[in-house]
Amino acid sequence: MIRIFQKTASAPALLKLKKFTLVCATITLASCGAAKLAEPGAEDVKRGAQKYPGYTLEMMKQDKAMFEQKCNTCHSLKKPSSQLSEKWPSIVGGMTRRSLKKPEKTIKPEEANAITRYLVTMGKQK
Ligand code: HEC
């Protein structure tokens, strides 16, 4: 009898614990600046190809890798969805100019183009 009572009493506590764990996991993930970006998919390439004819999934994966490699040398990687798609070209332009002052962080024009292509494709849509 006592056993059964204990079991039922502990159920809500267990639920609370589960909720707590979930909240913790969410906070940990959100505070981690280097959260992993989703892999580009067919829908993304389709959207990108409207602006960049001939854009392929392979190209997009390379562009993403370039972004991940070049855009976290001064600060953590910003989320592509943090800016409107149309804002990205000027932001990347500004960051590229900034990078020229530091030889080890330099972003080359063709690298900037690749990064811009990826970010415009993945940026926030209006
Ligand atoms: C040479 C250092 C450096 C590199 C490399 C760099 N950034 Fe930055 N970035 C900064 C600094 C410094 C700031 C904060 C000051 C500012 O906003 O002007 C910043 C701010 C930003 C912001 C916030 C701007 C806003 O208006 O909130 C974004 C977005 C950004 N960077 C994206 C990028 C991207 C994308 C790349 C890669 C192409 C990149 N950064 C590479 C130095 C850099």
# chains A, B, ... in the order shown; residues from 1 in each chain; ligands from 1

call {"tool": "closest_atom_pairs", "arguments": {"of": "chain A", "to": "ligand 1", "cutoff": "6 Å", "atoms": "only C-alpha atoms and all ligand atoms", "output": "Markdown table"}}
result
| residue | atom | partner | partner_atom_place_in_ligand_line | distance |
| --- | --- | --- | --- | --- |
| A:Lys70 | CA | ligand 1 | 37 (C) | 5.5 |
| A:Cys71 | CA | ligand 1 | 37 (C) | 3.4 |
| A:Thr73 | CA | ligand 1 | 5 (C) | 5.4 |
| A:Cys74 | CA | ligand 1 | 2 (C) | 4.4 |
| A:Lys78 | CA | ligand 1 | 29 (C) | 5.7 |
| A:Val92 | CA | ligand 1 | 38 (C) | 4.6 |
| A:Met95 | CA | ligand 1 | 6 (C) | 4.7 |
| A:Thr96 | CA | ligand 1 | 38 (C) | 5.9 |
| A:Arg98 | CA | ligand 1 | 1 (C) | 4.8 |
| A:Ser99 | CA | ligand 1 | 1 (C) | 3.7 |
| A:Lys105 | CA | ligand 1 | 5 (C) | 5.6 |

call {"tool": "residues_around", "arguments": {"residues": "segment 55-60 of chain A", "least_positions_apart": "4", "cutoff": "8 Å", "atoms": "only C-alpha atoms", "output": "PyMOL selection string"}}
result
chain A and resi 40-42+45+48-49+64+118

call {"tool": "atom_distance", "arguments": {"atom1": "atom CA of Lys124 of chain A", "atom2": "atom CA of Lys108 of chain A"}}
result
24.9 Å

call {"tool": "atom_distance", "arguments": {"atom1": "atom CA of Met66 of chain A", "atom2": "atom CA of Ala112 of chain A"}}
result
8.8 Å

call {"tool": "select_by_dssp", "arguments": {"residues": "segment 86-115 of chain A", "states": "alpha helix (DSSP H)", "output": "ChimeraX atom specification"}}
result
/A:88-99,109-115

call {"tool": "atom_distance", "arguments": {"atom1": "atom CA of Leu100 of chain A", "atom2": "atom CA of Lys87 of chain A"}}
result
20.8 Å

call {"tool": "decode", "arguments": {"residues": "segment 73-110 of chain A", "atoms": "N, CA and C atoms", "output": "CSV table (one decimal), in the first residue's frame"}}
result
chain,number,residue,atom,x,y,z
A,73,THR,N,36.2,34.1,-37.0
A,73,THR,CA,37.5,34.4,-36.5
A,73,THR,C,37.6,35.6,-35.6
A,74,CYS,N,36.6,36.5,-35.7
A,74,CYS,CA,36.6,37.7,-34.8
A,74,CYS,C,35.4,37.6,-33.8
A,75,HIS,N,34.4,36.9,-34.1
A,75,HIS,CA,33.2,36.7,-33.2
A,75,HIS,C,32.6,35.4,-33.5
A,76,SER,N,31.7,35.0,-32.7
A,76,SER,CA,31.1,33.7,-33.0
A,76,SER,C,30.3,33.8,-34.2
A,77,LEU,N,30.0,32.6,-34.8
A,77,LEU,CA,29.3,32.6,-36.1
A,77,LEU,C,27.9,33.1,-35.9
A,78,LYS,N,27.5,34.1,-36.7
A,78,LYS,CA,26.2,34.6,-36.7
A,78,LYS,C,25.2,33.7,-37.4
A,79,LYS,N,24.0,33.6,-37.0
A,79,LYS,CA,23.0,32.8,-37.7
A,79,LYS,C,22.6,33.4,-39.0
A,80,PRO,N,22.6,32.7,-40.1
A,80,PRO,CA,22.1,33.2,-41.4
A,80,PRO,C,20.7,33.8,-41.3
A,81,SER,N,19.9,33.3,-40.4
A,81,SER,CA,18.5,33.8,-40.3
A,81,SER,C,18.4,35.0,-39.4
A,82,SER,N,19.6,35.5,-38.9
A,82,SER,CA,19.6,36.6,-38.0
A,82,SER,C,19.4,37.9,-38.8
A,83,GLN,N,19.6,37.9,-40.1
A,83,GLN,CA,19.5,39.1,-40.9
A,83,GLN,C,18.6,38.8,-42.1
A,84,LEU,N,18.0,39.9,-42.6
A,84,LEU,CA,17.2,39.7,-43.8
A,84,LEU,C,18.2,39.3,-44.9
A,85,SER,N,17.7,38.5,-45.8
A,85,SER,CA,18.5,38.0,-46.9
A,85,SER,C,19.2,39.1,-47.7
A,86,GLU,N,18.4,40.2,-48.0
A,86,GLU,CA,18.9,41.3,-48.8
A,86,GLU,C,20.0,42.1,-48.1
A,87,LYS,N,20.1,42.0,-46.7
A,87,LYS,CA,21.1,42.7,-46.0
A,87,LYS,C,22.4,42.1,-46.0
A,88,TRP,N,22.5,40.8,-46.3
A,88,TRP,CA,23.7,40.1,-46.2
A,88,TRP,C,24.9,40.6,-47.1
A,89,PRO,N,24.6,40.9,-48.4
A,89,PRO,CA,25.7,41.4,-49.3
A,89,PRO,C,26.5,42.6,-48.7
A,90,SER,N,25.8,43.6,-48.1
A,90,SER,CA,26.5,44.7,-47.6
A,90,SER,C,27.2,44.4,-46.3
A,91,ILE,N,26.6,43.5,-45.5
A,91,ILE,CA,27.3,43.1,-44.3
A,91,ILE,C,28.6,42.3,-44.6
A,92,VAL,N,28.5,41.4,-45.5
A,92,VAL,CA,29.7,40.6,-45.9
A,92,VAL,C,30.7,41.5,-46.5
A,93,GLY,N,30.3,42.5,-47.3
A,93,GLY,CA,31.2,43.5,-47.8
A,93,GLY,C,32.0,44.2,-46.7
A,94,GLY,N,31.2,44.7,-45.7
A,94,GLY,CA,31.8,45.4,-44.6
A,94,GLY,C,32.8,44.5,-43.8
A,95,MET,N,32.4,43.2,-43.6
A,95,MET,CA,33.2,42.3,-42.8
A,95,MET,C,34.5,42.0,-43.6
A,96,THR,N,34.3,41.9,-44.9
A,96,THR,CA,35.5,41.5,-45.7
A,96,THR,C,36.5,42.7,-45.6
A,97,ARG,N,36.0,43.9,-45.7
A,97,ARG,CA,36.9,45.1,-45.6
A,97,ARG,C,37.6,45.1,-44.3
A,98,ARG,N,36.9,44.8,-43.2
A,98,ARG,CA,37.4,44.7,-41.9
A,98,ARG,C,38.5,43.7,-41.8
A,99,SER,N,38.3,42.5,-42.5
A,99,SER,CA,39.2,41.4,-42.4
A,99,SER,C,40.6,41.7,-43.0
A,100,LEU,N,40.6,42.7,-44.0
A,100,LEU,CA,41.8,43.0,-44.7
A,100,LEU,C,42.9,43.6,-43.8
A,101,LYS,N,42.5,44.1,-42.6
A,101,LYS,CA,43.4,44.7,-41.7
A,101,LYS,C,44.2,43.6,-41.0
A,102,LYS,N,43.7,42.4,-41.0
A,102,LYS,CA,44.4,41.3,-40.2
A,102,LYS,C,44.7,40.2,-41.2
A,103,PRO,N,46.0,40.1,-41.6
A,103,PRO,CA,46.4,39.2,-42.6
A,103,PRO,C,45.9,37.7,-42.3
A,104,GLU,N,45.9,37.3,-41.1
A,104,GLU,CA,45.5,35.9,-40.8
A,104,GLU,C,44.0,35.7,-40.9
A,105,LYS,N,43.3,36.8,-41.0
A,105,LYS,CA,41.8,36.7,-41.1
A,105,LYS,C,41.2,37.1,-42.4
A,106,THR,N,42.1,37.4,-43.3
A,106,THR,CA,41.7,38.0,-44.6
A,106,THR,C,40.7,37.1,-45.3
A,107,ILE,N,39.6,37.7,-45.8
A,107,ILE,CA,38.6,37.1,-46.6
A,107,ILE,C,38.8,37.5,-48.1
A,108,LYS,N,39.1,36.6,-49.0
A,108,LYS,CA,39.4,37.0,-50.4
A,108,LYS,C,38.0,37.2,-51.1
A,109,PRO,N,38.1,38.0,-52.2
A,109,PRO,CA,36.9,38.4,-52.9
A,109,PRO,C,36.0,37.1,-53.3
A,110,GLU,N,36.7,36.1,-53.8
A,110,GLU,CA,35.9,34.9,-54.3
A,110,GLU,C,35.3,34.2,-53.0
